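Have a look at structure25.txt below; it lists compact mmCIF, C-alpha atoms.
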```
# COMPACT_ATOMS: atom_id res chain seq x y z
CA MET K 1 0.00 0.00 0.00
CA LYS K 2 1.11 3.52 -0.70
CA PRO K 3 0.80 5.94 2.23
CA PHE K 4 -2.39 7.92 2.67
CA ALA K 5 -3.85 10.42 5.11
CA TYR K 6 -6.64 9.10 7.32
CA HIS K 7 -9.71 11.09 8.31
CA GLN K 8 -12.38 9.99 10.77
CA PRO K 9 -15.13 12.60 10.59
CA GLY K 10 -18.00 12.49 13.08
CA ARG K 11 -20.67 14.12 10.93
CA ILE K 12 -21.92 13.37 7.42
CA PRO K 13 -21.51 16.97 6.14
CA ASP K 14 -17.88 16.91 7.32
CA ALA K 15 -17.29 13.63 5.49
CA ALA K 16 -18.88 14.99 2.32
CA LYS K 17 -16.76 18.14 2.54
CA LEU K 18 -13.54 16.11 2.88
CA LEU K 19 -14.57 13.89 -0.02
CA THR K 20 -15.18 16.90 -2.24
CA SER K 21 -12.13 18.90 -1.18
CA ILE K 22 -9.45 16.18 -1.37
CA GLU K 23 -9.06 15.14 -4.97
CA ASP K 24 -9.12 11.35 -5.54
CA SER K 25 -9.88 10.67 -1.87
CA LYS K 26 -11.90 7.53 -1.12
CA LEU K 27 -14.51 6.60 1.44
CA VAL K 28 -13.83 3.47 3.49
CA ALA K 29 -16.68 1.58 5.14
CA GLY K 30 -15.86 -2.07 5.96
CA GLY K 31 -12.91 -2.05 3.58
CA MET K 32 -13.51 -5.57 2.25
CA THR K 33 -13.06 -4.40 -1.34
CA LEU K 34 -11.08 -1.20 -0.88
CA ILE K 35 -8.26 -2.62 1.27
CA PRO K 36 -7.43 -5.46 -1.19
CA THR K 37 -7.55 -2.86 -3.98
CA LEU K 38 -5.06 -0.65 -2.11
CA LYS K 39 -2.83 -3.64 -1.35
CA GLN K 40 -2.64 -4.50 -5.04
CA ARG K 41 -1.99 -0.83 -5.83
CA LEU K 42 -4.95 -0.78 -8.18
CA ALA K 43 -5.78 2.48 -6.40
CA SER K 44 -3.56 4.85 -4.43
CA PRO K 45 -5.77 7.61 -3.02
CA PRO K 46 -4.05 10.45 -1.13
CA ALA K 47 -6.60 10.17 1.68
CA LEU K 48 -9.16 7.76 3.11
CA ILE K 49 -12.29 9.03 4.81
CA ASP K 50 -13.42 6.47 7.37
CA LEU K 51 -17.21 6.35 7.82
CA SER K 52 -17.16 4.28 11.01
CA ARG K 53 -17.39 7.27 13.37
CA LEU K 54 -20.45 8.80 11.69
CA GLU K 55 -23.61 8.74 13.73
CA ASN K 56 -26.86 7.06 12.69
CA LEU K 57 -25.47 5.01 9.83
CA LYS K 58 -25.78 1.65 11.58
CA GLY K 59 -28.94 -0.27 12.34
CA ILE K 60 -32.18 -1.56 10.88
CA THR K 61 -35.57 0.10 11.31
CA ASP K 62 -39.09 -1.15 10.69
CA ASP K 63 -41.21 1.46 8.92
CA GLY K 64 -44.22 -0.80 8.31
CA ALA K 65 -44.35 -1.11 4.54
CA THR K 66 -40.58 -0.67 4.29
CA VAL K 67 -37.42 -1.76 6.11
CA THR K 68 -34.52 0.71 6.23
CA ILE K 69 -30.95 -0.52 6.67
CA GLY K 70 -28.24 1.99 7.61
CA ALA K 71 -25.33 2.13 5.16
CA MET K 72 -22.72 1.02 7.74
CA THR K 73 -24.71 -2.06 8.83
CA PRO K 74 -22.53 -5.16 8.35
CA HIS K 75 -23.77 -8.18 6.38
CA ALA K 76 -23.66 -10.39 9.50
CA VAL K 77 -26.09 -8.04 11.28
CA VAL K 78 -28.54 -8.07 8.36
CA ALA K 79 -28.28 -11.87 8.10
CA ALA K 80 -29.01 -12.33 11.82
CA SER K 81 -31.67 -9.60 12.10
CA LYS K 82 -34.99 -11.00 13.37
CA LEU K 83 -36.71 -8.04 11.70
CA VAL K 84 -35.23 -8.71 8.25
CA GLN K 85 -35.75 -12.47 8.67
CA ALA K 86 -39.43 -11.84 9.44
CA LYS K 87 -40.18 -9.19 6.82
CA ILE K 88 -37.80 -9.94 3.92
CA PRO K 89 -36.29 -13.38 4.60
CA GLY K 90 -34.84 -13.48 1.08
CA LEU K 91 -32.70 -10.44 1.90
CA ALA K 92 -31.44 -11.94 5.18
CA ALA K 93 -30.58 -15.09 3.22
CA LEU K 94 -28.69 -13.04 0.62
CA ALA K 95 -26.65 -11.32 3.34
CA SER K 96 -25.79 -14.71 4.88
CA MET K 97 -24.29 -15.88 1.56
CA ILE K 98 -21.84 -12.99 1.06
CA GLY K 99 -18.14 -13.89 1.33
CA ASP K 100 -17.35 -15.79 4.51
CA PRO K 101 -18.16 -15.18 8.21
CA ALA K 102 -15.21 -12.83 8.84
CA VAL K 103 -15.95 -10.82 5.71
CA ARG K 104 -19.63 -10.51 6.72
CA ILE K 105 -18.59 -9.03 10.07
CA ARG K 106 -16.71 -6.13 8.42
CA GLY K 107 -18.39 -5.65 5.02
CA THR K 108 -21.31 -3.22 4.87
CA ILE K 109 -24.41 -2.84 2.71
CA GLY K 110 -23.54 0.76 1.82
CA GLY K 111 -20.05 -0.20 0.72
CA SER K 112 -21.30 -3.06 -1.42
CA VAL K 113 -23.98 -0.96 -3.12
CA ALA K 114 -21.66 2.02 -3.71
CA ASN K 115 -18.94 -0.21 -5.16
CA ASN K 116 -21.39 -1.99 -7.51
CA ASP K 117 -19.10 -4.92 -8.24
CA PRO K 118 -20.62 -6.84 -11.18
CA ALA K 119 -20.56 -10.05 -9.11
CA ALA K 120 -21.64 -8.63 -5.73
CA ASP K 121 -24.80 -9.95 -4.09
CA TYR K 122 -26.47 -6.84 -2.67
CA PRO K 123 -27.05 -5.09 -6.02
CA ALA K 124 -29.35 -8.02 -6.96
CA GLY K 125 -31.34 -7.57 -3.73
CA VAL K 126 -31.54 -3.78 -4.10
CA LEU K 127 -32.66 -3.93 -7.74
CA GLY K 128 -34.82 -7.03 -7.26
CA LEU K 129 -36.76 -5.41 -4.44
CA GLY K 130 -36.91 -2.02 -6.17
CA ALA K 131 -35.29 -0.42 -3.13
CA THR K 132 -34.44 3.25 -2.67
CA VAL K 133 -30.84 4.35 -2.13
CA VAL K 134 -30.85 7.19 0.41
CA THR K 135 -27.83 9.49 0.19
CA SER K 136 -26.51 12.57 1.95
CA THR K 137 -28.34 14.74 -0.59
CA ARG K 138 -31.27 12.82 -2.14
CA GLU K 139 -33.10 9.54 -2.74
CA ILE K 140 -32.35 7.42 -5.81
CA ALA K 141 -34.57 4.58 -7.09
CA ALA K 142 -32.68 1.31 -7.66
CA ASP K 143 -33.74 1.28 -11.33
CA GLY K 144 -31.74 4.48 -11.90
CA PHE K 145 -28.89 3.78 -9.50
CA PHE K 146 -26.80 0.98 -11.04
CA ARG K 147 -25.04 2.10 -14.24
CA GLY K 148 -22.94 -0.95 -15.17
CA LEU K 149 -19.41 -2.03 -14.25
CA PHE K 150 -18.57 -0.34 -10.89
CA GLU K 151 -20.62 2.71 -11.94
CA THR K 152 -23.53 4.23 -10.06
CA ALA K 153 -25.63 7.39 -10.10
CA LEU K 154 -23.68 8.76 -7.11
CA GLU K 155 -22.30 12.25 -7.70
CA PRO K 156 -18.86 13.34 -6.42
CA GLY K 157 -19.13 14.04 -2.70
CA GLU K 158 -22.39 12.11 -2.33
CA ILE K 159 -22.52 9.49 0.45
CA ILE K 160 -25.00 6.63 0.83
CA THR K 161 -26.63 6.82 4.26
CA ALA K 162 -29.22 4.01 4.04
CA ILE K 163 -31.11 1.63 1.76
CA ARG K 164 -34.90 1.51 2.06
CA PHE K 165 -36.51 -1.77 1.01
CA PRO K 166 -40.23 -2.19 0.30
CA VAL K 167 -41.60 -5.32 2.01
CA PRO K 168 -42.65 -7.84 -0.69
CA PHE K 169 -45.26 -10.64 -0.47
CA LYS K 170 -42.45 -13.08 -1.14
CA ALA K 171 -38.80 -12.87 -2.12
CA GLY K 172 -35.90 -15.26 -2.62
CA TYR K 173 -32.26 -15.33 -3.68
CA ALA K 174 -30.22 -18.11 -5.23
CA LYS K 175 -26.56 -17.95 -6.06
CA PHE K 176 -24.04 -20.15 -7.83
CA LYS K 177 -20.84 -19.01 -6.27
CA ALA K 178 -17.29 -19.06 -7.53
CA PRO K 179 -15.79 -21.49 -4.99
CA ALA K 180 -12.57 -19.56 -4.23
CA SER K 181 -13.79 -15.96 -4.12
CA ARG K 182 -17.39 -16.76 -3.09
CA TYR K 183 -18.60 -14.04 -5.44
CA ALA K 184 -21.68 -14.82 -7.52
CA LEU K 185 -20.90 -16.56 -10.80
CA VAL K 186 -24.61 -15.92 -11.21
CA GLY K 187 -27.04 -14.76 -8.53
CA VAL K 188 -30.76 -14.13 -9.03
CA PHE K 189 -33.12 -12.26 -6.72
CA VAL K 190 -36.89 -12.54 -7.26
CA ALA K 191 -39.55 -10.51 -5.43
CA LYS K 192 -43.33 -10.66 -5.70
CA PHE K 193 -45.31 -7.48 -5.03
CA ALA K 194 -48.99 -6.53 -5.44
CA ASP K 195 -48.20 -4.99 -8.82
CA GLY K 196 -46.02 -7.77 -10.20
CA VAL K 197 -42.73 -9.63 -9.90
CA ARG K 198 -39.19 -8.29 -10.22
CA VAL K 199 -36.21 -10.44 -11.24
CA ALA K 200 -32.65 -9.10 -10.88
CA VAL K 201 -29.47 -10.88 -11.97
CA THR K 202 -25.93 -10.30 -10.71
CA GLY K 203 -22.64 -11.90 -11.76
CA ALA K 204 -23.74 -12.69 -15.31
CA GLY K 205 -22.85 -9.42 -17.04
CA SER K 206 -21.06 -6.11 -16.51
CA GLY K 207 -23.64 -5.04 -13.97
CA VAL K 208 -26.88 -6.08 -12.30
CA PHE K 209 -29.89 -6.25 -14.67
CA ARG K 210 -33.59 -7.20 -14.74
CA VAL K 211 -35.16 -9.92 -16.87
CA PRO K 212 -38.58 -8.67 -18.15
CA PRO K 213 -39.71 -11.96 -19.78
CA MET K 214 -39.23 -13.79 -16.47
CA GLU K 215 -40.98 -10.98 -14.58
CA GLU K 216 -44.01 -11.23 -16.87
CA ALA K 217 -44.17 -15.02 -16.67
CA LEU K 218 -43.83 -15.02 -12.87
CA SER K 219 -46.43 -12.28 -12.51
CA GLN K 220 -48.88 -14.66 -14.22
CA ASN K 221 -47.79 -17.72 -12.29
CA PHE K 222 -45.30 -17.47 -9.41
CA ASP K 223 -43.84 -20.93 -9.81
CA PRO K 224 -40.46 -22.21 -11.06
CA SER K 225 -42.18 -24.00 -13.94
CA ALA K 226 -43.31 -20.64 -15.37
CA ILE K 227 -39.73 -19.68 -16.27
CA ALA K 228 -38.18 -23.09 -16.93
CA ALA K 229 -38.25 -22.53 -20.70
CA ILE K 230 -37.04 -18.91 -20.62
CA ARG K 231 -33.41 -18.60 -21.61
CA ILE K 232 -31.71 -15.21 -21.71
CA ASP K 233 -29.59 -14.03 -24.62
CA THR K 234 -25.82 -14.37 -24.25
CA ASP K 235 -25.21 -10.90 -25.73
CA GLY K 236 -23.49 -8.76 -23.11
CA LEU K 237 -22.92 -11.66 -20.72
CA THR K 238 -19.45 -12.22 -19.28
CA SER K 239 -17.07 -14.92 -20.53
CA ASP K 240 -14.00 -15.43 -18.34
CA ILE K 241 -11.81 -18.07 -16.71
CA HIS K 242 -14.71 -19.08 -14.44
CA ALA K 243 -17.46 -19.57 -17.03
CA GLU K 244 -18.45 -18.91 -20.65
CA ALA K 245 -21.36 -16.59 -21.43
CA ASP K 246 -23.38 -19.58 -22.58
CA TYR K 247 -23.02 -21.30 -19.22
CA ARG K 248 -23.87 -18.09 -17.37
CA ALA K 249 -27.05 -17.76 -19.46
CA HIS K 250 -27.96 -21.32 -18.49
CA LEU K 251 -27.28 -20.56 -14.82
CA VAL K 252 -29.58 -17.50 -14.90
CA THR K 253 -32.58 -19.74 -15.59
CA VAL K 254 -31.49 -22.35 -13.04
CA MET K 255 -30.82 -19.77 -10.31
CA ALA K 256 -34.08 -17.91 -11.09
CA LYS K 257 -36.03 -21.16 -10.62
CA ARG K 258 -34.20 -21.83 -7.33
CA ALA K 259 -34.85 -18.26 -6.17
CA VAL K 260 -38.60 -18.74 -6.77
CA ASP K 261 -38.41 -22.04 -4.90
CA ALA K 262 -36.65 -20.27 -2.02
CA ALA K 263 -39.31 -17.53 -2.01
CA LEU K 264 -42.08 -20.15 -1.86
CA SER K 265 -40.48 -22.23 0.90
CA MET I 266 -1.12 8.59 13.93
CA GLN I 267 -1.39 7.36 17.49
CA ILE I 268 -3.82 4.54 18.28
CA SER I 269 -4.71 3.05 21.65
CA PHE I 270 -6.39 -0.29 22.13
CA THR I 271 -6.56 -3.26 24.47
CA LEU I 272 -4.33 -6.08 23.21
CA ASN I 273 -4.85 -9.46 24.87
CA GLY I 274 -6.02 -7.68 28.02
CA ARG I 275 -3.24 -5.07 28.13
CA PRO I 276 -3.63 -1.40 27.25
CA THR I 277 -1.45 -0.67 24.22
CA THR I 278 -0.57 2.57 22.45
CA VAL I 279 1.40 2.68 19.21
CA ASP I 280 2.28 5.24 16.60
CA VAL I 281 1.46 3.88 13.13
CA GLU I 282 1.20 4.95 9.54
CA PRO I 283 -2.51 4.74 8.58
CA ALA I 284 -1.53 2.42 5.70
CA THR I 285 -0.53 -0.33 8.13
CA LEU I 286 -2.39 -3.62 8.19
CA VAL I 287 -3.21 -5.08 11.59
CA ALA I 288 -1.48 -8.35 10.63
CA GLU I 289 1.71 -6.40 9.86
CA LEU I 290 1.44 -4.36 13.05
CA LEU I 291 1.06 -7.51 15.15
CA ARG I 292 3.85 -9.47 13.51
CA GLU I 293 6.44 -6.83 12.71
CA ARG I 294 5.99 -4.15 15.35
CA LEU I 295 4.54 -6.00 18.32
CA THR I 296 6.36 -9.31 17.59
CA LEU I 297 3.20 -11.35 18.03
CA THR I 298 3.94 -13.79 15.23
CA GLY I 299 1.24 -16.31 16.12
CA THR I 300 -1.09 -14.51 13.72
CA HIS I 301 -0.10 -15.90 10.32
CA ILE I 302 -0.31 -14.36 6.87
CA GLY I 303 -1.19 -17.05 4.35
CA CYS I 304 -2.82 -15.68 1.21
CA ASP I 305 -2.77 -11.98 2.16
CA THR I 306 -6.00 -11.63 0.13
CA SER I 307 -8.59 -12.23 2.90
CA GLN I 308 -9.44 -15.71 1.65
CA CYS I 309 -7.43 -18.19 3.75
CA GLY I 310 -8.19 -17.06 7.31
CA ALA I 311 -4.76 -17.80 8.84
CA CYS I 312 -4.75 -14.20 10.13
CA VAL I 313 -8.09 -14.23 11.98
CA VAL I 314 -8.15 -12.25 15.24
CA HIS I 315 -11.04 -11.06 17.41
CA LEU I 316 -11.89 -7.36 17.12
CA ASP I 317 -14.31 -6.42 19.90
CA GLY I 318 -15.13 -10.11 20.26
CA LEU I 319 -15.82 -10.78 16.58
CA PRO I 320 -13.56 -12.78 14.22
CA VAL I 321 -12.03 -10.65 11.44
CA LYS I 322 -9.18 -11.08 8.96
CA SER I 323 -6.29 -8.94 10.18
CA CYS I 324 -4.64 -8.89 6.72
CA THR I 325 -7.61 -6.83 5.52
CA LEU I 326 -7.97 -4.49 8.47
CA LEU I 327 -6.27 -1.10 8.73
CA ALA I 328 -4.53 -0.27 11.99
CA PRO I 329 -6.65 2.86 12.61
CA ALA I 330 -9.67 0.56 13.07
CA LEU I 331 -8.06 -0.64 16.33
CA ASP I 332 -8.27 2.75 18.03
CA GLY I 333 -10.47 2.37 21.10
CA ALA I 334 -11.12 -1.31 20.37
CA THR I 335 -10.34 -4.60 22.10
CA LEU I 336 -8.15 -7.05 20.18
CA LEU I 337 -7.58 -10.71 20.99
CA THR I 338 -4.91 -12.69 19.13
CA ILE I 339 -3.91 -16.35 19.35
CA GLU I 340 -1.35 -15.35 22.02
CA GLY I 341 -4.26 -14.22 24.21
CA LEU I 342 -5.98 -17.62 24.28
CA HIS I 343 -5.37 -19.51 27.50
CA GLY I 344 -6.89 -22.04 29.85
CA ALA I 345 -8.14 -21.44 33.39
CA PRO I 346 -6.31 -18.42 34.89
CA GLY I 347 -3.14 -19.44 36.71
CA SER I 348 -3.37 -23.03 35.47
CA ASN I 349 -0.72 -22.85 32.73
CA GLN I 350 -3.13 -24.90 30.58
CA MET I 351 -4.07 -24.34 26.99
CA HIS I 352 -7.49 -23.06 26.00
CA PRO I 353 -10.08 -25.90 25.75
CA MET I 354 -10.25 -25.37 21.98
CA GLN I 355 -6.46 -25.71 21.70
CA GLU I 356 -6.60 -28.89 23.82
CA ALA I 357 -9.31 -30.26 21.53
CA PHE I 358 -7.20 -29.61 18.41
CA ARG I 359 -4.29 -31.48 20.01
CA GLU I 360 -6.46 -34.32 21.25
CA HIS I 361 -8.20 -34.88 17.90
CA HIS I 362 -5.23 -34.19 15.65
CA GLY I 363 -6.91 -31.10 14.19
CA LEU I 364 -3.72 -29.97 12.49
CA GLN I 365 -0.81 -31.28 10.51
CA CYS I 366 1.59 -28.52 9.46
CA GLY I 367 -0.12 -26.05 11.78
CA PHE I 368 0.09 -22.98 9.56
CA CYS I 369 -3.67 -22.40 9.41
CA THR I 370 -4.22 -23.40 13.05
CA PRO I 371 -4.09 -19.97 14.75
CA GLY I 372 -6.83 -18.72 12.42
CA MET I 373 -8.79 -21.96 12.76
CA LEU I 374 -8.68 -21.65 16.56
CA MET I 375 -9.76 -18.00 16.60
CA THR I 376 -12.67 -18.71 14.25
CA ALA I 377 -13.57 -21.86 16.22
CA VAL I 378 -13.61 -20.04 19.56
CA ALA I 379 -15.85 -17.33 18.05
CA LEU I 380 -18.20 -19.97 16.63
CA ALA I 381 -18.43 -21.82 19.94
CA THR I 382 -19.00 -18.59 21.85
CA GLU I 383 -21.84 -17.57 19.55
CA LYS I 384 -23.50 -21.00 19.51
CA PRO I 385 -22.44 -23.49 22.21
CA ASP I 386 -24.30 -26.51 20.73
CA LEU I 387 -22.55 -26.52 17.35
CA THR I 388 -23.60 -29.08 14.75
CA GLU I 389 -21.28 -30.42 12.08
CA ALA I 390 -23.11 -28.27 9.49
CA ASP I 391 -22.62 -25.15 11.64
CA VAL I 392 -18.90 -25.85 11.88
CA ARG I 393 -18.42 -26.55 8.17
CA HIS I 394 -20.35 -23.40 7.25
CA GLY I 395 -18.57 -21.38 9.94
CA LEU I 396 -15.12 -22.44 8.73
CA GLU I 397 -15.85 -21.42 5.15
CA GLY I 398 -13.33 -18.58 5.41
CA ASN I 399 -10.53 -20.72 6.87
CA ILE I 400 -8.53 -22.83 4.47
CA CYS I 401 -6.40 -25.84 5.45
CA ARG I 402 -4.34 -27.62 2.81
CA CYS I 403 -3.30 -30.62 4.95
CA THR I 404 -6.11 -32.23 6.87
CA GLY I 405 -9.15 -32.45 4.64
CA TYR I 406 -11.02 -30.72 7.50
CA GLN I 407 -12.40 -33.91 9.06
CA ASN I 408 -10.33 -33.73 12.23
CA ILE I 409 -10.70 -29.96 12.41
CA VAL I 410 -14.49 -30.30 12.46
CA VAL I 411 -14.28 -33.02 15.13
CA SER I 412 -11.91 -30.80 17.16
CA VAL I 413 -14.17 -27.76 16.98
CA ILE I 414 -17.26 -29.68 18.11
CA SER I 415 -15.30 -31.23 20.97
CA GLY I 416 -13.67 -27.92 21.90
CA ALA I 417 -17.06 -26.19 21.92
CA ALA I 418 -18.40 -28.82 24.32
CA ALA I 419 -15.35 -28.37 26.55
CA MET I 420 -15.77 -24.59 26.53
CA ASN I 421 -19.41 -25.06 27.46
CA ALA I 422 -18.53 -27.44 30.30
CA ALA I 423 -15.84 -25.07 31.62
CA LYS I 424 -18.36 -22.22 31.58
CA GLY I 425 -20.76 -24.28 33.72
CA GLU I 426 -18.19 -25.02 36.43
```
How does this structure look as structure tokens?
Amino acid sequence: MKPFAYHQPGRIPDAAKLLTSIEDSKLVAGGMTLIPTLKQRLASPPALIDLSRLENLKGITDDGATVTIGAMTPHAVVAASKLVQAKIPGLAALASMIGDPAVRIRGTIGGSVANNDPAADYPAGVLGLGATVVTSTREIAADGFFRGLFETALEPGEIITAIRFPVPFKAGYAKFKAPASRYALVGVFVAKFADGVRVAVTGAGSGVFRVPPMEEALSQNFDPSAIAAIRIDTDGLTSDIHAEADYRAHLVTVMAKRAVDAALS
Amino acid sequence: MQISFTLNGRPTTVDVEPATLVAELLRERLTLTGTHIGCDTSQCGACVVHLDGLPVKSCTLLAPALDGATLLTIEGLHGAPGSNQMHPMQEAFREHHGLQCGFCTPGMLMTAVALATEKPDLTEADVRHGLEGNICRCTGYQNIVVSVISGAAAMNAAKGE
């Protein structure tokens, strides 16, 4: 790692001001992606702004029709939350599948969503549930938040403070993980609401995306059989050392069926 | 920057560069070399320590995160106070041959103690899932799993005494 200055602001406006005023500075939440990136010298920011001292960024609140998770809430806390398990069990299950136990203790939902790794789990849950990303300056709908490979709608100096999830009738997540990294080779989140079903896929392409034909079929009949014959196009899917695009396309259908099964169980 | 924390029960203050990993700080500055660095990419778990009671990978933790915290390393595990005995989990690993070369063992023990503390009646499935972030290239895990279940029972029994 190259040397950097370290700031631990206590208030969100102070953090935002540091982020804007120090060129190329980076926010650090749990550090589960950023620290390995610094160690490999893929990034060498002049300063890190540590979010762990900020108030009110940790914790989960029940707002009735929605559940709000503070940006600095670790995956292990979401996975073990009785509230999330009761209201959106598919999201608690997703959190329990991220990385390994030690990673889940440090890694945070805000960090995962802001980073938007193409194989991260949370983007599938956020897009699949049609959640709202709450930032230091505004609220952004999930459909407009994720912009492909590591890109989001976040403006310079903008900090995620929470994610607000609508409570679905049913939701489930299924993931085929890369055995060494535990990232999703393909992960699919499905959620059934009064006005239809949402299906979001991570790991398969350069960023999380929805699958309208599966959403329509599942809105008619929320059963794995409804999507068994739907195969997504390989255009834009990733081919790499772990899997060819063709295999990823196959896995999307398999994982979508398993996610519906999980939602129904 | 100056950071102060409790290290294995003792108040500790050190001056560190912010770009210092906790695993480096422990091994190179504080000469606590029981914490091992295997992969250095937060996958193998040889570097697991307890930060405020929770198992974390010290190769992927910046030293500033220690400020004000409580850190427990493998050197801080021990049996009944004054007894000069090993921790029940360490005894269980010895008893059940839960190691061969021993490189991964400090991390295995720290993760195992955390697992047993969180859930005293561990099942085999709990242990296998809980050890997902700790890699051993010698044993095939069978004896490690047996050791952890036995160690958890011993920890539970010791707690009841």
Near chain K, 10 Å: chain I residue rows, closest pairs, only C-alpha atoms, as a tab-separated table:
```
residue	atom	partner	partner_atom	distance
I:Met266	CA	K:Tyr6	CA	8.6
I:Glu282	CA	K:Pro3	CA	7.4
I:Pro283	CA	K:Tyr6	CA	6.1
I:Ala284	CA	K:Pro3	CA	5.5
I:Thr285	CA	K:Met1	CA	8.2
I:Leu286	CA	K:Ile35	CA	9.1
I:Asp305	CA	K:Pro36	CA	8.7
I:Thr306	CA	K:Pro36	CA	6.5
I:Ser307	CA	K:Pro36	CA	8.0
I:Gln308	CA	K:Ser181	CA	7.2
I:Cys309	CA	K:Ala180	CA	9.6
I:Gly310	CA	K:Ala102	CA	8.3
I:Val313	CA	K:Ala102	CA	7.9
I:Val314	CA	K:Ala102	CA	9.5
I:His315	CA	K:Ala102	CA	9.7
I:Leu316	CA	K:Ile105	CA	9.9
I:Leu319	CA	K:Ile105	CA	7.3
I:Pro320	CA	K:Ala102	CA	5.6
I:Val321	CA	K:Ala102	CA	4.7
I:Lys322	CA	K:Ala102	CA	6.3
I:Ser323	CA	K:Ala102	CA	9.8
I:Cys324	CA	K:Pro36	CA	9.1
I:Thr325	CA	K:Ile35	CA	6.0
I:Leu326	CA	K:Gly31	CA	7.4
I:Leu327	CA	K:Ile35	CA	7.9
I:Pro329	CA	K:Tyr6	CA	8.2
I:Ala330	CA	K:Ser52	CA	8.6
I:Thr376	CA	K:Ala102	CA	8.4
I:Leu380	CA	K:Pro101	CA	9.7
I:His394	CA	K:Pro101	CA	8.6
I:Gly395	CA	K:Pro101	CA	6.4
I:Leu396	CA	K:Pro101	CA	7.9
I:Glu397	CA	K:Asp100	CA	5.9
I:Gly398	CA	K:Asp100	CA	5.0
I:Asn399	CA	K:Asp100	CA	8.7
```
| said: So that I can see what lies close to segment 60-65 of chain K, please list as an MDAnalysis selection string the residues with an atom at most 10 Å from it, counting all atoms listed in the file and leaving out residues fewer than 2 positions away in the same chain. | reply: chainID K and resid 57:58 67:71 73 77:78 81 83:84 87 162:168
| field | Using only C-alpha atoms: which of K:Asp246, K:Asp233, K:Asp143, K:Glu158 has the shortest distance to Thr20 of chain K | value | K:Glu158
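Across I:Glu389, I:Ile400, I:Pro346, I:Val413, the tightest approach to Leu374 of chain I is made by I:Val413 when counting all atoms listed in the file.
All residues of protein, DNA or RNA that reach within 9 Å of Ala418 of chain I, judged by all atoms listed in the file and not counting those fewer than 5 positions away in the chain, are Pro353, Ala381, Pro385, Asp386, Leu387, Val413 and Ala423 of chain I.
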Padding 5 Å on each side, edges along x, y and z: where is the centre of the box around the listed atoms of segment 235-244 of chain K, and how long are its edges in Å to one decimal? Output it as lines of an AutoDock Vina configuration file.
```
center_x = -18.5
center_y = -14.2
center_z = -20.1
size_x = 23.4
size_y = 20.8
size_z = 21.3
```
Using all atoms listed in the file, which protein or nucleic acid residues come within 9 Å of Gly318 of chain I? Drop anything in the same chain fewer than 5 positions from it, and give the result as a PDB file with C-alpha atoms, in the frame of the given file.
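As written to disk, result-v4.pdb reads:
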```pdb
ATOM      1  CA  THR I 335     -10.340  -4.600  22.100  1.00  0.00           C
ATOM      2  CA  LEU I 336      -8.150  -7.050  20.180  1.00  0.00           C
ATOM      3  CA  LEU I 337      -7.580 -10.710  20.990  1.00  0.00           C
ATOM      4  CA  ALA I 379     -15.850 -17.330  18.050  1.00  0.00           C
TER       5      ALA I 379
END
```
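In this comparison, which uses only C-alpha atoms, the residue of K:Gly125, K:Lys257, K:Tyr247, K:Gly207 approaching Ala228 of chain K most closely is K:Lys257.
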